[in-house]
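Asks: The structure that follows is given in the form of structure tokens.
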Protein chains: 2
Amino acid sequence: MTSNPRRGPYICGIDAAMDVVTGKWKSLILWELDNHGTRRFGELKRGLPGVSEKMLIQHLREMEQDGLVHREVYREVPPRVEYSLTEHGTTLNDALRPLGAWGTKRSQRLAAEHELVS
Amino acid sequence: MTSNPRRGPYICGIDAAMDVVTGKWKSLILWELDNHGTRRFGELKRGLPGVSEKMLIQHLREMEQDGLVHREVYREVPPRVEYSLTEHGTTLNDALRPLGAWGTKRSQRLAAEHELVS
DNA sequence: CAGCATCCCCCAAGATACTG
DNA sequence: CAGTATCTTGGGGGATGCTG
């Protein structure tokens with residue numbers, strides 16, 4: 001296993017949630033899967049500009065282990081693999097929505113400040 | 001400056017919020033300040049078992065720069081410094097609450113599973 | 001009391017190349 | 001298409017010691 005051997009014990013709820021969300025692309029993967037319902041590996045890669053195949057697969061595997069993501073393999077040629085959110089993944093994404101809204105406001109505030117300078 | 005020179009540009013709101021929350025103890029600092037309203041440096045340190053002085057001050061400085069935390073210095077002997085949440089820090093903490101609730105449920109689920117094993 | 005200065009380690013993440 | 005395998009590195013974070 002390549003990944004972080006943490007998964008508890010946790011000091012509080014946020015701690016437990018962050019453990020699962022930490023990883024440069026994880027929250028974006030959640031977002032992408034929630035928007036499209038189901039995505040193939042290549043679609044995810046194109047949807048996350050800058051991600052490497054290594055990090056993408058690594059994050060997906062961890063999220064699968066954490067019960068957030070479902071991985072469906074279709075034995076075809078060429079191979080097809082589809083990723084989707086599980087129930088837990090969906091509720092996590094819902095729980096992240098207020099944080100996303102806060103971040104959006106913060107972005108706008110920063111942009112406005114930068115506007116005053118330039 | 002010791003810290004991460006990111007602060008944008010961001011792909012989405014969650015990205016922008018995570019940039020500010022990322023750091024091993026930051027969400028716990030928010031939690032601690034929100035619970036007590038105001039805390040001295042030493043109180044924070046005692047409230048976060050395991051944190052080093054270096055990381056605590058580093059995180060506090062970054063959060064101050066990000067407009068989440070207010071730092072009030074009282075020029076006394078011995079010196080006294082009090083930290084509290086700003087308006088933005090408070091709203092961020094509010095936005096984190098659903099995530100904390102999700103994490104708590106996840107913890108309970110993990111504990112229950114572990115119960116079945118032992 | 002509330003920090004600052006250093007040194008050090010580990011691992012998340014990037015880059016590159018190859019495969020069923 | 002959907003991955004593996006391997007090497008490398010940046011910097012987050014720990015430990016220790018010192019100071020106004």
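Ordered as shown in the structure tokens, chains take letters A, B, and onward, while each chain numbers its residues from 1 and ligands are numbered from 1 in the order shown.
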Could you list, as a ChimeraX atom specification, every residue of chain D that has an atom within 12 Å of an atom of chain A, counting only C-alpha atoms (C1' of nucleotides)?
Replies: /D:1-6
Asks: Using all heavy atoms, can you export the residues from the last selection as a CSV table (one decimal), in the first residue's frame?
Replies:
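Generated file (out-v4.csv):
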```csv
chain,number,residue,atom,x,y,z
D,1,DC,P,-7.8,6.6,-25.3
D,1,DC,OP1,-8.9,7.6,-25.4
D,1,DC,OP2,-6.5,7.1,-24.9
D,1,DC,O5',-8.3,5.5,-24.3
D,1,DC,C5',-9.6,5.1,-24.2
D,1,DC,C4',-9.6,4.0,-23.2
D,1,DC,O4',-8.4,3.1,-23.4
D,1,DC,C3',-9.4,4.6,-21.8
D,1,DC,O3',-10.4,4.0,-20.9
D,1,DC,C2',-8.0,4.2,-21.4
D,1,DC,C1',-7.7,3.0,-22.2
D,1,DC,N1,-6.2,2.8,-22.6
D,1,DC,C2,-5.6,1.7,-22.2
D,1,DC,O2,-6.1,0.8,-21.5
D,1,DC,N3,-4.3,1.5,-22.6
D,1,DC,C4,-3.7,2.5,-23.4
D,1,DC,N4,-2.4,2.3,-23.7
D,1,DC,C5,-4.4,3.6,-23.8
D,1,DC,C6,-5.6,3.8,-23.4
D,2,DA,P,-10.7,4.6,-19.5
D,2,DA,OP1,-12.0,4.2,-19.1
D,2,DA,OP2,-10.3,6.1,-19.5
D,2,DA,O5',-9.7,3.9,-18.5
D,2,DA,C5',-9.8,2.5,-18.4
D,2,DA,C4',-8.6,1.9,-17.7
D,2,DA,O4',-7.4,2.0,-18.5
D,2,DA,C3',-8.3,2.6,-16.4
D,2,DA,O3',-8.0,1.7,-15.3
D,2,DA,C2',-7.0,3.4,-16.7
D,2,DA,C1',-6.4,2.4,-17.7
D,2,DA,N9,-5.3,3.0,-18.5
D,2,DA,C8,-5.3,4.3,-19.1
D,2,DA,N7,-4.2,4.6,-19.8
D,2,DA,C5,-3.5,3.4,-19.7
D,2,DA,C6,-2.2,3.0,-20.2
D,2,DA,N6,-1.5,3.9,-20.9
D,2,DA,N1,-1.8,1.8,-19.9
D,2,DA,C2,-2.5,1.0,-19.1
D,2,DA,N3,-3.7,1.2,-18.6
D,2,DA,C4,-4.2,2.5,-18.9
D,3,DG,P,-8.1,2.2,-13.8
D,3,DG,OP1,-8.1,1.0,-12.9
D,3,DG,OP2,-9.3,3.1,-13.7
D,3,DG,O5',-6.9,3.1,-13.5
D,3,DG,C5',-5.8,2.6,-12.8
D,3,DG,C4',-4.9,1.7,-13.6
D,3,DG,O4',-4.5,2.4,-14.8
D,3,DG,C3',-3.6,1.3,-12.9
D,3,DG,O3',-3.7,0.2,-12.1
D,3,DG,C2',-2.6,1.1,-14.1
D,3,DG,C1',-3.3,1.8,-15.3
D,3,DG,N9,-2.5,2.8,-15.9
D,3,DG,C8,-2.9,4.1,-16.2
D,3,DG,N7,-2.0,4.8,-16.8
D,3,DG,C5,-0.9,3.9,-17.0
D,3,DG,C6,0.3,4.1,-17.6
D,3,DG,O6,0.8,5.1,-18.1
D,3,DG,N1,1.1,2.9,-17.6
D,3,DG,C2,0.7,1.8,-17.1
D,3,DG,N2,1.5,0.7,-17.2
D,3,DG,N3,-0.5,1.6,-16.5
D,3,DG,C4,-1.3,2.7,-16.5
D,4,DT,P,-2.9,0.0,-10.8
D,4,DT,OP1,-3.7,-0.8,-9.8
D,4,DT,OP2,-2.4,1.4,-10.5
D,4,DT,O5',-1.6,-0.9,-11.2
D,4,DT,C5',-0.8,-0.5,-12.2
D,4,DT,C4',0.4,-1.3,-12.4
D,4,DT,O4',1.2,-0.6,-13.4
D,4,DT,C3',1.4,-1.2,-11.2
D,4,DT,O3',2.3,-2.3,-11.3
D,4,DT,C2',2.1,0.1,-11.4
D,4,DT,C1',2.2,0.2,-12.9
D,4,DT,N1,2.0,1.6,-13.4
D,4,DT,C2,3.1,2.1,-14.1
D,4,DT,O2,4.1,1.5,-14.3
D,4,DT,N3,2.8,3.4,-14.5
D,4,DT,C4,1.7,4.2,-14.3
D,4,DT,O4,1.6,5.3,-14.8
D,4,DT,C5,0.7,3.5,-13.6
D,4,DT,C7,-0.6,4.2,-13.3
D,4,DT,C6,0.9,2.3,-13.2
D,5,DA,P,3.3,-2.7,-10.0
D,5,DA,OP1,3.3,-4.1,-9.9
D,5,DA,OP2,2.8,-1.9,-8.8
D,5,DA,O5',4.7,-2.1,-10.4
D,5,DA,C5',5.1,-2.0,-11.8
D,5,DA,C4',6.5,-1.4,-11.9
D,5,DA,O4',6.4,0.0,-12.4
D,5,DA,C3',7.2,-1.2,-10.5
D,5,DA,O3',8.6,-1.5,-10.7
D,5,DA,C2',6.9,0.2,-10.1
D,5,DA,C1',6.9,0.9,-11.5
D,5,DA,N9,6.1,2.1,-11.6
D,5,DA,C8,4.8,2.3,-11.0
D,5,DA,N7,4.3,3.4,-11.3
D,5,DA,C5,5.3,4.1,-12.0
D,5,DA,C6,5.3,5.4,-12.5
D,5,DA,N6,4.3,6.3,-12.4
D,5,DA,N1,6.4,5.8,-13.2
D,5,DA,C2,7.4,4.9,-13.3
D,5,DA,N3,7.5,3.6,-12.8
D,5,DA,C4,6.4,3.3,-12.2
D,6,DT,P,9.5,-1.5,-9.4
D,6,DT,OP1,10.5,-2.6,-9.6
D,6,DT,OP2,8.7,-1.5,-8.1
D,6,DT,O5',10.3,-0.2,-9.5
D,6,DT,C5',10.9,0.2,-10.8
D,6,DT,C4',11.5,1.6,-10.8
D,6,DT,O4',10.4,2.6,-11.0
D,6,DT,C3',12.2,1.9,-9.5
D,6,DT,O3',13.5,2.4,-9.7
D,6,DT,C2',11.3,3.0,-8.8
D,6,DT,C1',10.7,3.7,-10.1
D,6,DT,N1,9.4,4.4,-9.9
D,6,DT,C2,9.3,5.6,-10.4
D,6,DT,O2,10.1,6.2,-11.1
D,6,DT,N3,8.0,6.2,-10.2
D,6,DT,C4,7.0,5.7,-9.4
D,6,DT,O4,6.0,6.3,-9.2
D,6,DT,C5,7.3,4.4,-8.8
D,6,DT,C7,6.2,3.7,-8.0
D,6,DT,C6,8.4,3.8,-9.1
```
Asks: Show me, as a list in words, the residues of chain A whose atoms get within 9 Å of chain C, using only C-alpha atoms (C1' of nucleotides) for the distance check.
Replies: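 Going by the stated atoms only, the list reads Asn4, Gly23, Lys24, Ser52 and Met55 of chain A.
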Asks: From the DSSP assignment of the backbone, select every residue of segment 11-112 of chain A that is strand (DSSP E), and format the answer as a list in words.
Replies: Thr38, Arg39, Arg40, Val69, His70, Arg71, Glu72, Val73, Tyr74, Arg80, Val81, Glu82, Tyr83, Ser84 and Leu85 of chain A
Asks: Which residues of chain A are close to chain B, meaning at most 7 Å apart when you count only C-alpha atoms, and how do they look as a list in words?
Replies: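 Written out as asked, the residues are Cys12, Gly13, Ile14, Ala16, Ala17, Leu92, Ala95, Leu96, Pro98, Leu99, Gly100, Ala101, Trp102, Gly103, Thr104 and Ser107 of chain A.
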Asks: Running DSSP on the backbone, which parts of segment 28-88 of chain B land in helix (DSSP H, G or I), as number ranges by chain?
Replies: B: 28-36, 41-47, 53-65, 87-88
Asks: Skip Leu60 of chain B itself and residues of its chain fewer than 4 positions away, then list as a PDB file with N, CA, C and O atoms, in the first residue's frame all residues within 9 Å of it, counting only C-alpha atoms (C1' of nucleotides).
Replies:
```
ATOM      1  N   LYS B  26      -4.770  23.581  12.102  1.00  0.00           N
ATOM      2  CA  LYS B  26      -5.536  24.804  11.889  1.00  0.00           C
ATOM      3  C   LYS B  26      -7.009  24.674  12.255  1.00  0.00           C
ATOM      4  O   LYS B  26      -7.573  25.546  12.915  1.00  0.00           O
ATOM      5  N   ILE B  29      -7.377  24.737  15.890  1.00  0.00           N
ATOM      6  CA  ILE B  29      -7.186  26.079  16.449  1.00  0.00           C
ATOM      7  C   ILE B  29      -8.495  26.867  16.324  1.00  0.00           C
ATOM      8  O   ILE B  29      -8.931  27.533  17.275  1.00  0.00           O
ATOM      9  N   MET B  55       5.050  24.970  15.307  1.00  0.00           N
ATOM     10  CA  MET B  55       3.896  24.806  14.429  1.00  0.00           C
ATOM     11  C   MET B  55       2.748  25.696  14.876  1.00  0.00           C
ATOM     12  O   MET B  55       2.047  26.282  14.054  1.00  0.00           O
ATOM     13  N   LEU B  56       2.565  25.817  16.192  1.00  0.00           N
ATOM     14  CA  LEU B  56       1.465  26.631  16.689  1.00  0.00           C
ATOM     15  C   LEU B  56       1.622  28.081  16.246  1.00  0.00           C
ATOM     16  O   LEU B  56       0.703  28.674  15.670  1.00  0.00           O
ATOM     17  N   GLU B  64      -3.490  34.589  10.799  1.00  0.00           N
ATOM     18  CA  GLU B  64      -3.602  36.029  10.998  1.00  0.00           C
ATOM     19  C   GLU B  64      -3.502  36.738   9.641  1.00  0.00           C
ATOM     20  O   GLU B  64      -4.320  37.601   9.320  1.00  0.00           O
ATOM     21  N   GLN B  65      -2.538  36.300   8.853  1.00  0.00           N
ATOM     22  CA  GLN B  65      -2.373  36.875   7.517  1.00  0.00           C
ATOM     23  C   GLN B  65      -3.581  36.631   6.637  1.00  0.00           C
ATOM     24  O   GLN B  65      -3.914  37.451   5.775  1.00  0.00           O
ATOM     25  N   VAL B  69      -7.721  35.182  12.175  1.00  0.00           N
ATOM     26  CA  VAL B  69      -7.390  35.293  13.592  1.00  0.00           C
ATOM     27  C   VAL B  69      -6.890  36.692  13.909  1.00  0.00           C
ATOM     28  O   VAL B  69      -6.151  37.288  13.122  1.00  0.00           O
ATOM     29  N   ARG B  71      -4.744  38.995  16.649  1.00  0.00           N
ATOM     30  CA  ARG B  71      -3.690  38.853  17.644  1.00  0.00           C
ATOM     31  C   ARG B  71      -3.557  40.146  18.429  1.00  0.00           C
ATOM     32  O   ARG B  71      -3.263  41.201  17.862  1.00  0.00           O
ATOM     33  N   TYR B  83      -5.301  35.542  21.465  1.00  0.00           N
ATOM     34  CA  TYR B  83      -5.788  35.255  20.115  1.00  0.00           C
ATOM     35  C   TYR B  83      -7.300  35.085  20.133  1.00  0.00           C
ATOM     36  O   TYR B  83      -7.862  34.543  21.082  1.00  0.00           O
TER      37      TYR B  83
END
```
Asks: As an exercise, work out the distance from atom C1' of DG13 of chain D to atom CA of Gln58 of chain B in Å and give it to one decimal place.
Replies: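 Here the two named atoms are 10.7 Å from each other.
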